[in-house]
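Chemist: Have a look at this one before I ask anything.
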Amino acid sequence: MYGSKKKVNMCILNILREYTDEDHALTQKEIITYLEKDYEITCDRRTVKSYIDDLSDMGWEIDYEKGYKLVEREFDDAELRILIDSILFSKIIPTKTAKRLINKLKNFGSKYFKDKTKHICNLSKLNHTINTQVMGALDVIIDAIATEKKIQCVYNEVGTDFKLQPQNDGNPYSINPYQMVENNGKFYLVGNMDQFDDVIHLRIDKMTNVKLLEERRKDSKELKEFDANGFNLSKHMAEHISMFSGESDWVEIKTSPKMMTTLVDWFGKNFNIVQEDKEYIVIRVKCNLKAVKYWAIQYGPKVELLKPVDLRKEIRKEIDRMWRKYKD
């Protein structure tokens, strides 16, 4: 036999990971064949059984009933597919990084799982960020939030050449970072600038030259949207649909009961139904006023914003402007 006991144990575990799952098992003879083919290790049946018993004693769940198969894994097939798809359709991860992460995740599955995911190959055709600095930016931001330090970054927009164009004449911004959130496949930094007392949302895929500063960030108690208990993420996300910054206030919206799924998708369960009829409902929800303005326009004839009156007037002006553009 070639190799230490520890090495052979790991080789057998790798074989079980690669060639077995709930529906596929290996005989002792097949395991011996794979040991010779993949690792140039020779072994007899009795020794293979002893090593597999050792793996079971170490906590690996191995089914012995009809051959040997690894039952318990770090991730089952459904979990792996969810993780892979979240990377595949994420707009913040660069294409090259996404391919590398997906290949790493595939290695947690058996060959049968890999066979079922061969079609995942058209990453370049999906809408991934053009910012190659994103992963480095995430590392810096994570460290900054953990150590309560400020960061510095250049903020960009995409130009007509489809390249990132620095804003503010390329001068960096100093940001107080508090939390990262995900919305519609994009990651945002919830932060603040020293000269203001409100919260802003910065798209991380628009940030370049991100650096950790030694200066401590501003105490969150100085910000209007933070309370004595700190940052309430679920409340913040429910109020800031589409990640608009600015004030939140109570609004009333009239719509159809058939819109309940859409309402929950956008506002969670953080709204009250204040009127209800067979034909319509009126909901009351606290929301970012800029966001709900464009949300109401987006859903057009399906919703009517009733209050606040000033916001209702703004929406009417926007609709009038749109009508003038499309009237001919």
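How things are named: the first chain in the structure tokens is A, the next is B, and so on; residues count from 1 in each chain; ligands count from 1 in the order shown.
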Write out as a PyMOL selection string each polymer residue whose atoms come within 8 Å of Cys11 (chain A), counting only C-alpha atoms; drop sequence neighbours fewer than 4 positions from it.
Modeler: chain A and resi 7+15+35+39
Chemist: Generate a file of the selected residues that holds N, CA and C atoms, formatted as a PDB file, in the first residue's frame.
Modeler:
```pdb
ATOM      1  N   LYS A   7      -3.474  10.197   4.577  1.00  0.00           N
ATOM      2  CA  LYS A   7      -3.589  10.528   3.156  1.00  0.00           C
ATOM      3  C   LYS A   7      -4.630   9.633   2.481  1.00  0.00           C
ATOM      4  N   ILE A  15     -13.000  10.572  -3.143  1.00  0.00           N
ATOM      5  CA  ILE A  15     -13.659   9.676  -4.103  1.00  0.00           C
ATOM      6  C   ILE A  15     -15.160   9.607  -3.810  1.00  0.00           C
ATOM      7  N   LEU A  35      -8.908   4.593  -6.385  1.00  0.00           N
ATOM      8  CA  LEU A  35      -7.670   4.886  -5.648  1.00  0.00           C
ATOM      9  C   LEU A  35      -6.444   4.676  -6.540  1.00  0.00           C
ATOM     10  N   TYR A  39      -5.120   8.271  -7.695  1.00  0.00           N
ATOM     11  CA  TYR A  39      -4.095   8.622  -6.705  1.00  0.00           C
ATOM     12  C   TYR A  39      -2.894   7.664  -6.702  1.00  0.00           C
TER      13      TYR A  39
END
```
Chemist: Excluding region 145-157 of chain A and any residue of its chain fewer than 5 positions from it, enumerate the residues within 10 Å of it, using only C-alpha atoms, and give them as a VMD selection string.
Modeler: chain A and resid 131 137 140 162 to 180 191 to 193 202 to 219
Chemist: Keeping only N, CA and C atoms, take the residues you just selected and write them out as a compact mmCIF listing (two decimals), in the first residue's frame.
Modeler:
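Heads up, here's the output in again-v3.txt:
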```
# COMPACT_ATOMS: atom_id res chain seq x y z
N ASN A 131 -16.64 46.93 -13.35
CA ASN A 131 -15.67 47.39 -12.36
C ASN A 131 -14.87 46.20 -11.83
N ALA A 137 -12.78 46.30 -3.17
CA ALA A 137 -13.57 47.30 -2.46
C ALA A 137 -14.38 46.66 -1.34
N VAL A 140 -12.21 45.98 1.72
CA VAL A 140 -11.91 47.20 2.48
C VAL A 140 -13.13 47.63 3.28
N PHE A 162 -19.13 53.25 -22.31
CA PHE A 162 -19.34 52.07 -21.49
C PHE A 162 -18.18 51.80 -20.53
N LYS A 163 -17.49 52.88 -20.15
CA LYS A 163 -16.43 52.79 -19.16
C LYS A 163 -16.78 53.66 -17.97
N LEU A 164 -16.18 53.36 -16.82
CA LEU A 164 -16.44 54.14 -15.62
C LEU A 164 -15.82 55.52 -15.74
N GLN A 165 -16.62 56.55 -15.46
CA GLN A 165 -16.16 57.94 -15.52
C GLN A 165 -16.19 58.52 -14.11
N PRO A 166 -15.04 58.92 -13.55
CA PRO A 166 -15.01 59.47 -12.18
C PRO A 166 -15.86 60.74 -12.07
N GLN A 167 -16.60 60.85 -10.96
CA GLN A 167 -17.36 62.05 -10.65
C GLN A 167 -16.55 62.96 -9.74
N ASN A 168 -17.05 64.16 -9.50
CA ASN A 168 -16.39 65.11 -8.61
C ASN A 168 -14.97 65.40 -9.07
N ASP A 169 -14.80 65.46 -10.42
CA ASP A 169 -13.48 65.72 -11.02
C ASP A 169 -12.42 64.71 -10.58
N GLY A 170 -12.88 63.51 -10.22
CA GLY A 170 -11.94 62.47 -9.81
C GLY A 170 -11.47 62.60 -8.38
N ASN A 171 -11.95 63.63 -7.66
CA ASN A 171 -11.55 63.81 -6.26
C ASN A 171 -12.26 62.79 -5.38
N PRO A 172 -11.55 62.16 -4.46
CA PRO A 172 -12.17 61.12 -3.64
C PRO A 172 -13.10 61.70 -2.58
N TYR A 173 -14.08 60.90 -2.22
CA TYR A 173 -15.00 61.23 -1.13
C TYR A 173 -14.55 60.51 0.13
N SER A 174 -14.77 61.13 1.28
CA SER A 174 -14.55 60.49 2.57
C SER A 174 -15.92 60.05 3.10
N ILE A 175 -16.05 58.76 3.41
CA ILE A 175 -17.35 58.18 3.75
C ILE A 175 -17.30 57.52 5.12
N ASN A 176 -18.37 57.72 5.90
CA ASN A 176 -18.57 56.96 7.13
C ASN A 176 -19.40 55.73 6.79
N PRO A 177 -18.82 54.51 6.85
CA PRO A 177 -19.56 53.30 6.45
C PRO A 177 -20.23 52.62 7.64
N TYR A 178 -21.49 52.15 7.44
CA TYR A 178 -22.22 51.52 8.55
C TYR A 178 -22.74 50.12 8.22
N GLN A 179 -23.14 49.90 6.97
CA GLN A 179 -23.75 48.62 6.65
C GLN A 179 -23.70 48.40 5.14
N MET A 180 -23.63 47.13 4.73
CA MET A 180 -23.80 46.79 3.32
C MET A 180 -25.14 46.09 3.15
N GLY A 191 -24.09 54.70 4.18
CA GLY A 191 -23.05 55.52 4.78
C GLY A 191 -23.48 56.95 5.00
N ASN A 192 -22.50 57.79 5.24
CA ASN A 192 -22.75 59.20 5.54
C ASN A 192 -21.51 60.01 5.20
N MET A 193 -21.73 61.28 4.82
CA MET A 193 -20.63 62.22 4.63
C MET A 193 -20.63 63.19 5.81
N LEU A 202 -24.54 54.24 -1.53
CA LEU A 202 -23.55 54.26 -2.60
C LEU A 202 -23.44 52.87 -3.21
N ARG A 203 -23.61 52.78 -4.53
CA ARG A 203 -23.45 51.50 -5.20
C ARG A 203 -21.98 51.10 -5.17
N ILE A 204 -21.71 49.93 -4.63
CA ILE A 204 -20.32 49.50 -4.46
C ILE A 204 -19.65 49.25 -5.79
N ASP A 205 -20.44 48.84 -6.81
CA ASP A 205 -19.83 48.61 -8.12
C ASP A 205 -19.49 49.91 -8.85
N LYS A 206 -19.84 51.06 -8.26
CA LYS A 206 -19.45 52.36 -8.82
C LYS A 206 -18.26 52.96 -8.08
N MET A 207 -17.76 52.24 -7.08
CA MET A 207 -16.68 52.75 -6.25
C MET A 207 -15.32 52.19 -6.70
N THR A 208 -14.34 53.06 -6.86
CA THR A 208 -12.98 52.64 -7.19
C THR A 208 -12.00 53.31 -6.23
N ASN A 209 -10.76 52.79 -6.24
CA ASN A 209 -9.70 53.34 -5.37
C ASN A 209 -10.17 53.44 -3.92
N VAL A 210 -10.81 52.38 -3.43
CA VAL A 210 -11.34 52.37 -2.07
C VAL A 210 -10.21 52.11 -1.08
N LYS A 211 -10.07 52.99 -0.10
CA LYS A 211 -8.99 52.88 0.88
C LYS A 211 -9.54 53.00 2.29
N LEU A 212 -8.94 52.25 3.20
CA LEU A 212 -9.30 52.33 4.62
C LEU A 212 -8.52 53.47 5.25
N LEU A 213 -9.22 54.35 5.97
CA LEU A 213 -8.58 55.47 6.65
C LEU A 213 -8.40 55.15 8.13
N GLU A 214 -7.47 55.81 8.75
CA GLU A 214 -7.22 55.61 10.18
C GLU A 214 -8.26 56.31 11.05
N GLU A 215 -8.90 57.34 10.50
CA GLU A 215 -9.85 58.13 11.27
C GLU A 215 -11.12 57.32 11.56
N ARG A 216 -11.61 57.41 12.80
CA ARG A 216 -12.84 56.71 13.16
C ARG A 216 -14.04 57.36 12.48
N ARG A 217 -15.01 56.54 12.15
CA ARG A 217 -16.22 57.04 11.52
C ARG A 217 -17.07 57.82 12.53
N LYS A 218 -17.99 58.60 12.01
CA LYS A 218 -18.92 59.36 12.83
C LYS A 218 -19.83 58.41 13.62
N ASP A 219 -20.13 58.77 14.86
CA ASP A 219 -21.04 57.97 15.68
C ASP A 219 -22.42 57.96 15.02
```
Chemist: So that I can see what lies close to Glu252 (chain A), please list as a VMD selection string the residues with an atom at most 9 Å from it, counting only C-alpha atoms and leaving out residues fewer than 5 positions away in the same chain.
Modeler: chain A and resid 274 282 to 286 304 to 308
Chemist: Okay, now the selection with N, CA and C atoms, as a PDB file, in the first residue's frame?
Modeler:
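Generated file (again27.pdb):
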```pdb
ATOM      1  N   VAL A 274     -55.755  50.243   5.498  1.00  0.00           N
ATOM      2  CA  VAL A 274     -56.636  51.143   6.257  1.00  0.00           C
ATOM      3  C   VAL A 274     -58.050  51.187   5.689  1.00  0.00           C
ATOM      4  N   VAL A 282     -56.795  50.420   0.406  1.00  0.00           N
ATOM      5  CA  VAL A 282     -55.932  51.574   0.642  1.00  0.00           C
ATOM      6  C   VAL A 282     -54.939  51.170   1.724  1.00  0.00           C
ATOM      7  N   ILE A 283     -53.650  51.296   1.384  1.00  0.00           N
ATOM      8  CA  ILE A 283     -52.621  50.930   2.357  1.00  0.00           C
ATOM      9  C   ILE A 283     -51.911  52.176   2.863  1.00  0.00           C
ATOM     10  N   ARG A 284     -51.384  52.076   4.067  1.00  0.00           N
ATOM     11  CA  ARG A 284     -50.581  53.139   4.658  1.00  0.00           C
ATOM     12  C   ARG A 284     -49.217  52.569   4.985  1.00  0.00           C
ATOM     13  N   VAL A 285     -48.176  53.194   4.461  1.00  0.00           N
ATOM     14  CA  VAL A 285     -46.828  52.683   4.644  1.00  0.00           C
ATOM     15  C   VAL A 285     -45.855  53.846   4.776  1.00  0.00           C
ATOM     16  N   LYS A 286     -44.824  53.664   5.602  1.00  0.00           N
ATOM     17  CA  LYS A 286     -43.773  54.674   5.713  1.00  0.00           C
ATOM     18  C   LYS A 286     -42.694  54.340   4.705  1.00  0.00           C
ATOM     19  N   GLU A 304     -52.780  54.346  -7.168  1.00  0.00           N
ATOM     20  CA  GLU A 304     -53.036  55.795  -7.060  1.00  0.00           C
ATOM     21  C   GLU A 304     -52.524  56.259  -5.713  1.00  0.00           C
ATOM     22  N   LEU A 305     -51.581  57.190  -5.720  1.00  0.00           N
ATOM     23  CA  LEU A 305     -51.077  57.728  -4.475  1.00  0.00           C
ATOM     24  C   LEU A 305     -52.040  58.812  -3.988  1.00  0.00           C
ATOM     25  N   LEU A 306     -52.565  58.638  -2.785  1.00  0.00           N
ATOM     26  CA  LEU A 306     -53.547  59.573  -2.233  1.00  0.00           C
ATOM     27  C   LEU A 306     -52.899  60.643  -1.353  1.00  0.00           C
ATOM     28  N   LYS A 307     -51.965  60.230  -0.519  1.00  0.00           N
ATOM     29  CA  LYS A 307     -51.313  61.155   0.411  1.00  0.00           C
ATOM     30  C   LYS A 307     -49.827  60.795   0.486  1.00  0.00           C
ATOM     31  N   PRO A 308     -48.989  61.815   0.745  1.00  0.00           N
ATOM     32  CA  PRO A 308     -49.294  63.234   0.989  1.00  0.00           C
ATOM     33  C   PRO A 308     -49.697  63.970  -0.291  1.00  0.00           C
TER      34      PRO A 308
END
```
Chemist: Just give me the gap between CA of Phe267 (chain A) and CA of Ala291 (chain A) in Å, one decimal is fine.
Modeler: 11.5 Å
Chemist: My list of candidates is A:Asn184, A:Thr262, A:Thr117, A:Gln275. Which is closest to Asn103 (chain A) when distances are computed with only C-alpha atoms?
Modeler: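 Nearest to Asn103 (chain A): A:Thr117.
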Chemist: When you count only C-alpha atoms, which of these residues is closest to Arg46 (chain A): A:Ile31, A:Gly268, A:Gly59, A:Asp139?
Modeler: A:Ile31
Chemist: Of the residues A:Lys325, A:Lys49, A:Arg81, A:Lys118, which is the one nearest to Lys29 (chain A), using only C-alpha atoms?
Modeler: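 Ranked by minimum distance to Lys29 (chain A), first place goes to A:Lys49.
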Chemist: Give me the region 30-116 of chain A side of the contact with region 20-26 of chain A, cut-off 8 Å, one line per residue showing its nearest atom pair and distance in Å at one decimal, counting only C-alpha atoms, sorted by chain and residue number, as CSV.
Modeler:
```
residue,atom,partner,partner_atom,distance
A:Glu30,CA,A:Leu26,CA,5.8
A:Ile31,CA,A:Leu26,CA,6.4
A:Lys66,CA,A:Ala25,CA,6.9
A:Gly67,CA,A:Leu26,CA,5.1
A:Tyr68,CA,A:Leu26,CA,5.1
A:Lys69,CA,A:Ala25,CA,4.7
A:Leu70,CA,A:Asp21,CA,5.9
A:Val71,CA,A:Glu22,CA,6.1
A:Ser110,CA,A:Thr20,CA,6.3
A:Lys111,CA,A:Thr20,CA,8.0
A:Tyr112,CA,A:Asp21,CA,7.9
```
Chemist: Check region 73-159 of chain A with DSSP on the backbone and list each residue it calls strand (DSSP E or B), as an MDAnalysis selection string.
Modeler: chainID A and resid 149:158
Chemist: So that I can check the secondary structure, give me every residue of region 60-283 of chain A assigned alpha helix (DSSP H) by backbone DSSP, as a ChimeraX atom specification.
Modeler: /A:77-88,95-106,111-116,134-147,233-239,260-267
